[in-house]
Amino acid sequence: MNTIVTGLQWGDEGKGKIVDYLTEDADVVIRGQGGNNAGHTVIARGEKYVLHLLPSGILWDDKTNVIGNGVVLDPAGLVAEITRIEGQGIEITPDKLVISDRAHIVLPVHKELDAAREISLGNAKIGTTKRGIGPAYADKINRCGLRMADLANRAFAAERITRRVAEANEILARHELPTFEASAVIAEVQDAYERLRPHITNTIPVVHRAWRCGKKLLFEGAQGTLLDIDFGTYPFVTSSNTTSGGCCTGSGLPPTAVGRVIGVCKAYTTRVGSGPFPTGDEELSGYLHGLGREFGATTGRARGCGWLDTVLLRFACMVNGVTGLAVTNLDGLDESETLKICIAYDIDGERHELPPAERSAWDRATPVYEELPGWKSDTTGCKLHRDLPANARAYLDRLAALCDVPVAFVGVGPDRAQTLVVE
Ligand code: GDP
Ligand code: IMO
Ligand code: MG
């Protein structure tokens, strides 16, 4: 069955780990949106891999990995990532990695424009990863972006890049930020293109052929539902559709190609960057950071941590069409005496079971909690769902009931092997 793996919170739910786990039974792994703002950590056979643009299926032999048309791609960043992962002993051949010729390019100027915009927003900044994601998608939507296929025509690409650099330099100079030499940008992009060229192709017939032949497809979401440009906590979001629909528009495969949607969430909530976080909890953050957990894979920033928020999860299950939950990091709660689950928000005395659209309503949203007893024991060695302590199973059952979706997988540690299947 073809499967979408999508994040249900503010990113970093453990999508990479779940994709890596499910890749064993898949033939093709596809990224359809986002860029190297993503950071997916996978621990397999004791080795740690951090992936940004490469689909997490890259760690397996004999699987095809696709960077789809909906991704925004920093060519030099991808070359550096390929070199780093190859240095860890993973071979990346043109058969194993294919890159869409329709993917839009993140230019070095986009990264500086991202930084400039954050500076001009001051206290209202988004807290972006400064990977140029917003400006690159803005150019795409403004119909002035450059795509991978365009780099084959050097004269055309050079003319486009020169024009874009001149426009960007005006803005950067106003912010007293470093400006760019068009020739240096052209050289950086073309050098990376030459390295990537054997991988670049029209990926749409590639994925359609695989689908028609009955190969198993696995879609790897990046970011999470609350960072989705439409469904997230706008404007504190990323610039793509991170939800399941984005997998189709980002790959050229239709919704009829998809059989199941696995929604990944942590057993608690985390968020990095600015914006609302009703269940954020300093004590829980301090505790998890003290264990060395919850530091971002892309920027190294400490993630804010908080209690499980089923207002968000319920909504995320709806808009993604989640058929099964993958609840990761259950082991992070192993030592908690009592667990809180947010079941609704109180906004101005009214109970809300779905997230609000209006920006200021988030500031007035107070979580309504229910409490469950903790299990106070180490779950990291559990191999089967039935090995979990009764209170841990009760916590998962309550989560599933509040979202009206069954739990399919449970994570009790970062390693590939620490994934339990719920029969
Ligand atoms: P992604 O962006 O959704 O792929 O998630 P990240 O990789 O950015 O963040 C998830 C973090 O949790 C990573 O450090 C993973 O290694 C780790 N992780 C994933 N699942 C589990 C789990 O079940 N238990 C523990 N302890 N860590 C996990
Ligand atoms: P993965 O795939 C967590 C957040 C940033 C910021 C907002 C906008 O690892 O789950 P951007 O650079 O995209 O313009 O930043 O989105 N953000 C993420 N947070 N995980 C991610 O990816 C993220 N990608 C972007 O922190 O709040
Ligand atoms: Mg991440």
# chains A, B, ... in the order shown; residues from 1 in each chain; ligands from 1
call {"tool": "residues_near_ligand", "arguments": {"ligand": "ligand 3", "cutoff": "10 Å", "atoms": "only C-alpha atoms and all ligand atoms", "output": "number ranges by chain"}}
result
A: 7, 10-16, 37-41, 50-52, 222-224, 272, 294-299
call {"tool": "residues_around", "arguments": {"residues": "stretch 365-369 of chain A", "least_positions_apart": "6", "cutoff": "6 Å", "atoms": "only C-alpha atoms", "output": "list in words"}}
result
Lys340, Ile341, Cys342, Ile343, Ala344, Tyr345, Asp346 and Ile347 of chain A
call {"tool": "write_last_selection", "arguments": {"atoms": "all heavy atoms", "output": "PDB file, in the first residue's frame"}}
result
ATOM      1  N   LYS A 340      -0.269  15.549  31.478  1.00  0.00           N
ATOM      2  CA  LYS A 340      -1.400  16.408  31.124  1.00  0.00           C
ATOM      3  C   LYS A 340      -1.687  16.250  29.640  1.00  0.00           C
ATOM      4  O   LYS A 340      -0.758  16.179  28.823  1.00  0.00           O
ATOM      5  CB  LYS A 340      -1.038  17.860  31.396  1.00  0.00           C
ATOM      6  CG  LYS A 340      -0.893  18.208  32.869  1.00  0.00           C
ATOM      7  CD  LYS A 340      -1.026  19.706  32.971  1.00  0.00           C
ATOM      8  CE  LYS A 340      -0.233  20.288  34.097  1.00  0.00           C
ATOM      9  NZ  LYS A 340      -0.358  21.744  34.134  1.00  0.00           N
ATOM     10  N   ILE A 341      -2.972  16.214  29.299  1.00  0.00           N
ATOM     11  CA  ILE A 341      -3.389  16.209  27.886  1.00  0.00           C
ATOM     12  C   ILE A 341      -4.338  17.380  27.695  1.00  0.00           C
ATOM     13  O   ILE A 341      -5.350  17.488  28.416  1.00  0.00           O
ATOM     14  CB  ILE A 341      -4.115  14.902  27.503  1.00  0.00           C
ATOM     15  CG1 ILE A 341      -3.209  13.678  27.703  1.00  0.00           C
ATOM     16  CG2 ILE A 341      -4.608  14.968  26.061  1.00  0.00           C
ATOM     17  CD1 ILE A 341      -3.839  12.360  27.234  1.00  0.00           C
ATOM     18  N   CYS A 342      -4.035  18.245  26.757  1.00  0.00           N
ATOM     19  CA  CYS A 342      -4.945  19.361  26.456  1.00  0.00           C
ATOM     20  C   CYS A 342      -6.070  18.836  25.574  1.00  0.00           C
ATOM     21  O   CYS A 342      -5.817  18.273  24.502  1.00  0.00           O
ATOM     22  CB  CYS A 342      -4.172  20.474  25.749  1.00  0.00           C
ATOM     23  SG  CYS A 342      -5.252  21.739  25.063  1.00  0.00           S
ATOM     24  N   ILE A 343      -7.299  19.012  26.042  1.00  0.00           N
ATOM     25  CA  ILE A 343      -8.449  18.480  25.289  1.00  0.00           C
ATOM     26  C   ILE A 343      -9.264  19.589  24.619  1.00  0.00           C
ATOM     27  O   ILE A 343     -10.100  19.313  23.768  1.00  0.00           O
ATOM     28  CB  ILE A 343      -9.370  17.618  26.185  1.00  0.00           C
ATOM     29  CG1 ILE A 343      -9.776  18.393  27.444  1.00  0.00           C
ATOM     30  CG2 ILE A 343      -8.672  16.313  26.580  1.00  0.00           C
ATOM     31  CD1 ILE A 343     -10.907  17.736  28.207  1.00  0.00           C
ATOM     32  N   ALA A 344      -9.041  20.831  25.032  1.00  0.00           N
ATOM     33  CA  ALA A 344      -9.774  21.962  24.431  1.00  0.00           C
ATOM     34  C   ALA A 344      -9.028  23.240  24.800  1.00  0.00           C
ATOM     35  O   ALA A 344      -8.142  23.213  25.660  1.00  0.00           O
ATOM     36  CB  ALA A 344     -11.209  22.014  24.966  1.00  0.00           C
ATOM     37  N   TYR A 345      -9.376  24.342  24.123  1.00  0.00           N
ATOM     38  CA  TYR A 345      -8.877  25.662  24.537  1.00  0.00           C
ATOM     39  C   TYR A 345     -10.051  26.458  25.088  1.00  0.00           C
ATOM     40  O   TYR A 345     -11.160  26.393  24.548  1.00  0.00           O
ATOM     41  CB  TYR A 345      -8.322  26.471  23.359  1.00  0.00           C
ATOM     42  CG  TYR A 345      -7.114  25.909  22.655  1.00  0.00           C
ATOM     43  CD1 TYR A 345      -6.874  26.267  21.327  1.00  0.00           C
ATOM     44  CD2 TYR A 345      -6.206  25.056  23.285  1.00  0.00           C
ATOM     45  CE1 TYR A 345      -5.765  25.786  20.641  1.00  0.00           C
ATOM     46  CE2 TYR A 345      -5.099  24.571  22.607  1.00  0.00           C
ATOM     47  CZ  TYR A 345      -4.883  24.934  21.280  1.00  0.00           C
ATOM     48  OH  TYR A 345      -3.793  24.465  20.605  1.00  0.00           O
ATOM     49  N   ASP A 346      -9.760  27.208  26.113  1.00  0.00           N
ATOM     50  CA  ASP A 346     -10.710  28.210  26.581  1.00  0.00           C
ATOM     51  C   ASP A 346     -10.271  29.537  25.985  1.00  0.00           C
ATOM     52  O   ASP A 346      -9.167  30.005  26.259  1.00  0.00           O
ATOM     53  CB  ASP A 346     -10.670  28.239  28.124  1.00  0.00           C
ATOM     54  CG  ASP A 346     -11.658  29.263  28.675  1.00  0.00           C
ATOM     55  OD1 ASP A 346     -11.685  30.386  28.167  1.00  0.00           O
ATOM     56  OD2 ASP A 346     -12.397  28.919  29.620  1.00  0.00           O
ATOM     57  N   ILE A 347     -11.119  30.119  25.133  1.00  0.00           N
ATOM     58  CA  ILE A 347     -10.811  31.436  24.562  1.00  0.00           C
ATOM     59  C   ILE A 347     -11.957  32.371  24.929  1.00  0.00           C
ATOM     60  O   ILE A 347     -13.100  32.162  24.504  1.00  0.00           O
ATOM     61  CB  ILE A 347     -10.632  31.365  23.020  1.00  0.00           C
ATOM     62  CG1 ILE A 347      -9.542  30.342  22.646  1.00  0.00           C
ATOM     63  CG2 ILE A 347     -10.300  32.743  22.447  1.00  0.00           C
ATOM     64  CD1 ILE A 347      -9.363  30.108  21.148  1.00  0.00           C
TER      65      ILE A 347
END
call {"tool": "residues_around", "arguments": {"residues": "A:Gly34", "least_positions_apart": "3", "cutoff": "12 Å", "atoms": "only C-alpha atoms", "output": "PyMOL selection string"}}
result
chain A and resi 11+31+37-39+52-55+67-74+103-106+129+131-134+136-137+220-224+227-229+237-243+246-247+250
call {"tool": "closest_residue", "arguments": {"among": "A:Asn2, A:Thr270, A:Asn36, A:Ser100", "to": "A:Glu81", "atoms": "only C-alpha atoms"}}
result
A:Asn36
call {"tool": "residues_around", "arguments": {"residues": "A:Gly275", "least_positions_apart": "4", "cutoff": "10 Å", "atoms": "only C-alpha atoms", "output": "mmCIF file with N, CA and C atoms, in the first residue's frame"}}
result
data_model
loop_
_atom_site.group_PDB
_atom_site.id
_atom_site.type_symbol
_atom_site.label_atom_id
_atom_site.label_comp_id
_atom_site.auth_asym_id
_atom_site.auth_seq_id
_atom_site.Cartn_x
_atom_site.Cartn_y
_atom_site.Cartn_z
ATOM 1 N N ALA A 124 8.514 40.640 15.902
ATOM 2 C CA ALA A 124 7.479 39.820 15.254
ATOM 3 C C ALA A 124 8.097 38.795 14.301
ATOM 4 N N LYS A 125 9.409 38.580 14.400
ATOM 5 C CA LYS A 125 10.060 37.662 13.456
ATOM 6 C C LYS A 125 9.488 36.241 13.567
ATOM 7 N N ILE A 126 9.606 35.513 12.457
ATOM 8 C CA ILE A 126 9.037 34.156 12.384
ATOM 9 C C ILE A 126 9.949 33.154 13.103
ATOM 10 N N GLY A 127 11.245 33.492 13.159
ATOM 11 C CA GLY A 127 12.192 32.503 13.697
ATOM 12 C C GLY A 127 12.494 31.444 12.653
ATOM 13 N N THR A 233 -0.271 27.905 12.154
ATOM 14 C CA THR A 233 -0.442 29.084 13.003
ATOM 15 C C THR A 233 0.115 30.303 12.253
ATOM 16 N N TYR A 234 -0.564 30.642 11.148
ATOM 17 C CA TYR A 234 -0.145 31.729 10.271
ATOM 18 C C TYR A 234 -0.057 33.039 11.056
ATOM 19 N N PRO A 235 0.963 33.854 10.865
ATOM 20 C CA PRO A 235 2.049 33.765 9.889
ATOM 21 C C PRO A 235 3.273 32.986 10.395
ATOM 22 N N PHE A 236 3.158 32.366 11.563
ATOM 23 C CA PHE A 236 4.321 31.642 12.121
ATOM 24 C C PHE A 236 4.340 30.217 11.561
ATOM 25 N N VAL A 237 4.575 30.139 10.274
ATOM 26 C CA VAL A 237 4.494 28.879 9.531
ATOM 27 C C VAL A 237 5.648 28.839 8.538
ATOM 28 N N ARG A 271 8.108 22.793 19.719
ATOM 29 C CA ARG A 271 8.068 23.830 18.678
ATOM 30 C C ARG A 271 9.362 24.608 18.715
ATOM 31 N N ARG A 359 -5.430 35.497 14.625
ATOM 32 C CA ARG A 359 -4.104 35.535 15.234
ATOM 33 C C ARG A 359 -4.101 35.808 16.742
ATOM 34 N N TRP A 362 -5.068 33.194 19.602
ATOM 35 C CA TRP A 362 -4.072 32.258 20.133
ATOM 36 C C TRP A 362 -3.477 32.767 21.437
ATOM 37 N N ASP A 363 -3.310 34.095 21.525
ATOM 38 C CA ASP A 363 -2.705 34.655 22.742
ATOM 39 C C ASP A 363 -3.651 34.515 23.937
#
call {"tool": "select_by_dssp", "arguments": {"residues": "stretch 29-268 of chain A", "states": "helix (DSSP H, G or I)", "output": "VMD selection string"}}
result
chain A and resid 56 to 59 75 to 87 108 to 124 133 to 141 148 to 152 154 to 174 182 to 199 203 to 212 225 to 227 244 to 249 255 to 257
call {"tool": "closest_residue", "arguments": {"among": "A:Asp27, A:Glu188, A:Asp20, A:Asp348", "to": "A:Met1", "atoms": "only C-alpha atoms"}}
result
A:Asp27
call {"tool": "closest_residue", "arguments": {"among": "A:Gly35, A:Pro94, A:Gly122, A:Gly273", "to": "ligand 2", "atoms": "only C-alpha atoms and all ligand atoms"}}
result
A:Gly273
call {"tool": "residues_around", "arguments": {"residues": "A:Glu335", "least_positions_apart": "5", "cutoff": "8 Å", "atoms": "only C-alpha atoms", "output": "NGL selection string"}}
result
:A and (374-378)
call {"tool": "select_by_dssp", "arguments": {"residues": "stretch 352-415 of chain A", "states": "strand (DSSP E)", "output": "CSV table (one decimal) with N, CA and C atoms, in the first residue's frame"}}
result
chain,number,residue,atom,x,y,z
A,352,HIS,N,-13.2,25.7,22.8
A,352,HIS,CA,-12.9,25.4,21.4
A,352,HIS,C,-12.2,24.1,21.3
A,365,ALA,N,-5.8,31.9,24.2
A,365,ALA,CA,-6.2,30.5,24.4
A,365,ALA,C,-5.5,29.9,25.6
A,366,THR,N,-6.3,29.4,26.5
A,366,THR,CA,-5.8,28.7,27.7
A,366,THR,C,-6.2,27.2,27.6
A,367,PRO,N,-5.2,26.3,27.7
A,367,PRO,CA,-5.5,24.9,27.6
A,367,PRO,C,-6.4,24.4,28.7
A,368,VAL,N,-7.4,23.6,28.3
A,368,VAL,CA,-8.2,22.8,29.3
A,368,VAL,C,-7.5,21.4,29.3
A,369,TYR,N,-7.0,21.1,30.5
A,369,TYR,CA,-6.3,19.8,30.6
A,369,TYR,C,-7.1,18.7,31.3
A,370,GLU,N,-6.7,17.5,30.9
A,370,GLU,CA,-7.1,16.4,31.7
A,370,GLU,C,-5.8,15.7,32.2
A,371,GLU,N,-5.9,15.0,33.3
A,371,GLU,CA,-4.6,14.5,33.8
A,371,GLU,C,-4.7,12.9,33.9
A,372,LEU,N,-3.6,12.3,33.5
A,372,LEU,CA,-3.5,10.8,33.6
A,372,LEU,C,-2.3,10.5,34.4
A,373,PRO,N,-2.3,9.3,35.1
A,373,PRO,CA,-1.2,8.9,35.9
A,373,PRO,C,0.0,8.5,35.0
A,407,VAL,N,-3.8,4.1,17.0
A,407,VAL,CA,-2.3,4.2,17.1
A,407,VAL,C,-1.8,3.0,16.3
A,408,ALA,N,-0.9,3.2,15.3
A,408,ALA,CA,-0.3,2.1,14.5
A,408,ALA,C,1.1,1.8,14.9
A,409,PHE,N,1.9,2.8,15.3
A,409,PHE,CA,3.3,2.6,15.7
A,409,PHE,C,3.6,3.5,17.0
A,410,VAL,N,4.5,3.0,17.8
A,410,VAL,CA,5.0,3.7,19.0
A,410,VAL,C,6.5,3.7,19.0
A,411,GLY,N,7.1,4.9,19.2
A,411,GLY,CA,8.5,5.0,19.3
A,411,GLY,C,8.9,5.1,20.8
call {"tool": "residues_around", "arguments": {"residues": "A:Lys96", "least_positions_apart": "3", "cutoff": "9 Å", "atoms": "only C-alpha atoms", "output": "list in words"}}
result
Ile58, Asp61, Asp62, Lys63, Thr64, Asn65, Val66, Glu91, Ile92, Thr93 and His199 of chain A
call {"tool": "closest_residue", "arguments": {"among": "A:Leu146, A:Val98, A:Val264, A:Leu288", "to": "A:Gln9", "atoms": "only C-alpha atoms"}}
result
A:Val264
call {"tool": "closest_residue", "arguments": {"among": "A:Leu354, A:Leu59, A:Ala168, A:Val207", "to": "A:Ile90", "atoms": "only C-alpha atoms"}}
result
A:Leu59
call {"tool": "residues_around", "arguments": {"residues": "A:Ser285", "least_positions_apart": "3", "cutoff": "6 Å", "atoms": "only C-alpha atoms", "output": "NGL selection string"}}
result
:A and (282 or 288-289 or 304-305)
call {"tool": "closest_residue", "arguments": {"among": "A:Leu396, A:Ala166, A:Val19, A:Leu384", "to": "ligand 2", "atoms": "only C-alpha atoms and all ligand atoms"}}
result
A:Val19
call {"tool": "atom_distance", "arguments": {"atom1": "atom CA of A:Arg364", "atom2": "atom CA of A:Arg351"}}
result
11.9 Å
call {"tool": "atom_distance", "arguments": {"atom1": "atom 4 (O, counted along the ligand's line) of ligand 1", "atom2": "atom CA of A:Cys265"}}
result
10.4 Å
call {"tool": "atom_distance", "arguments": {"atom1": "atom 15 (C, counted along the ligand's line) of ligand 1", "atom2": "atom CA of A:Ile18"}}
result
9.7 Å
call {"tool": "decode", "arguments": {"residues": "stretch 84-113 of chain A", "atoms": "C-alpha atoms", "output": "PDB file, in the first residue's frame"}}
result
ATOM      1  CA  ARG A  84      28.569  14.162   4.055  1.00  0.00           C
ATOM      2  CA  ILE A  85      26.251  11.137   3.844  1.00  0.00           C
ATOM      3  CA  GLU A  86      28.575   9.365   1.373  1.00  0.00           C
ATOM      4  CA  GLY A  87      31.332  10.004   3.924  1.00  0.00           C
ATOM      5  CA  GLN A  88      29.248   7.934   6.353  1.00  0.00           C
ATOM      6  CA  GLY A  89      29.432   4.996   3.956  1.00  0.00           C
ATOM      7  CA  ILE A  90      26.083   5.384   2.146  1.00  0.00           C
ATOM      8  CA  GLU A  91      26.398   5.144  -1.623  1.00  0.00           C
ATOM      9  CA  ILE A  92      24.245   7.637  -3.568  1.00  0.00           C
ATOM     10  CA  THR A  93      24.039   6.602  -7.225  1.00  0.00           C
ATOM     11  CA  PRO A  94      21.838   8.135  -9.957  1.00  0.00           C
ATOM     12  CA  ASP A  95      19.585   5.065  -9.633  1.00  0.00           C
ATOM     13  CA  LYS A  96      19.153   5.652  -5.940  1.00  0.00           C
ATOM     14  CA  LEU A  97      18.488   9.413  -6.043  1.00  0.00           C
ATOM     15  CA  VAL A  98      16.458  11.213  -8.688  1.00  0.00           C
ATOM     16  CA  ILE A  99      15.810  14.951  -8.609  1.00  0.00           C
ATOM     17  CA  SER A 100      12.937  16.675 -10.365  1.00  0.00           C
ATOM     18  CA  ASP A 101      13.850  19.017 -13.203  1.00  0.00           C
ATOM     19  CA  ARG A 102      10.872  21.107 -12.073  1.00  0.00           C
ATOM     20  CA  ALA A 103      12.161  21.691  -8.518  1.00  0.00           C
ATOM     21  CA  HIS A 104      12.752  25.374  -7.827  1.00  0.00           C
ATOM     22  CA  ILE A 105      16.196  26.573  -6.856  1.00  0.00           C
ATOM     23  CA  VAL A 106      17.121  28.312  -3.620  1.00  0.00           C
ATOM     24  CA  LEU A 107      19.779  30.862  -4.541  1.00  0.00           C
ATOM     25  CA  PRO A 108      22.328  32.204  -2.036  1.00  0.00           C
ATOM     26  CA  VAL A 109      20.495  35.564  -2.228  1.00  0.00           C
ATOM     27  CA  HIS A 110      17.297  33.914  -0.989  1.00  0.00           C
ATOM     28  CA  LYS A 111      19.049  32.994   2.262  1.00  0.00           C
ATOM     29  CA  GLU A 112      20.190  36.567   2.843  1.00  0.00           C
ATOM     30  CA  LEU A 113      16.748  37.906   1.916  1.00  0.00           C
TER      31      LEU A 113
END
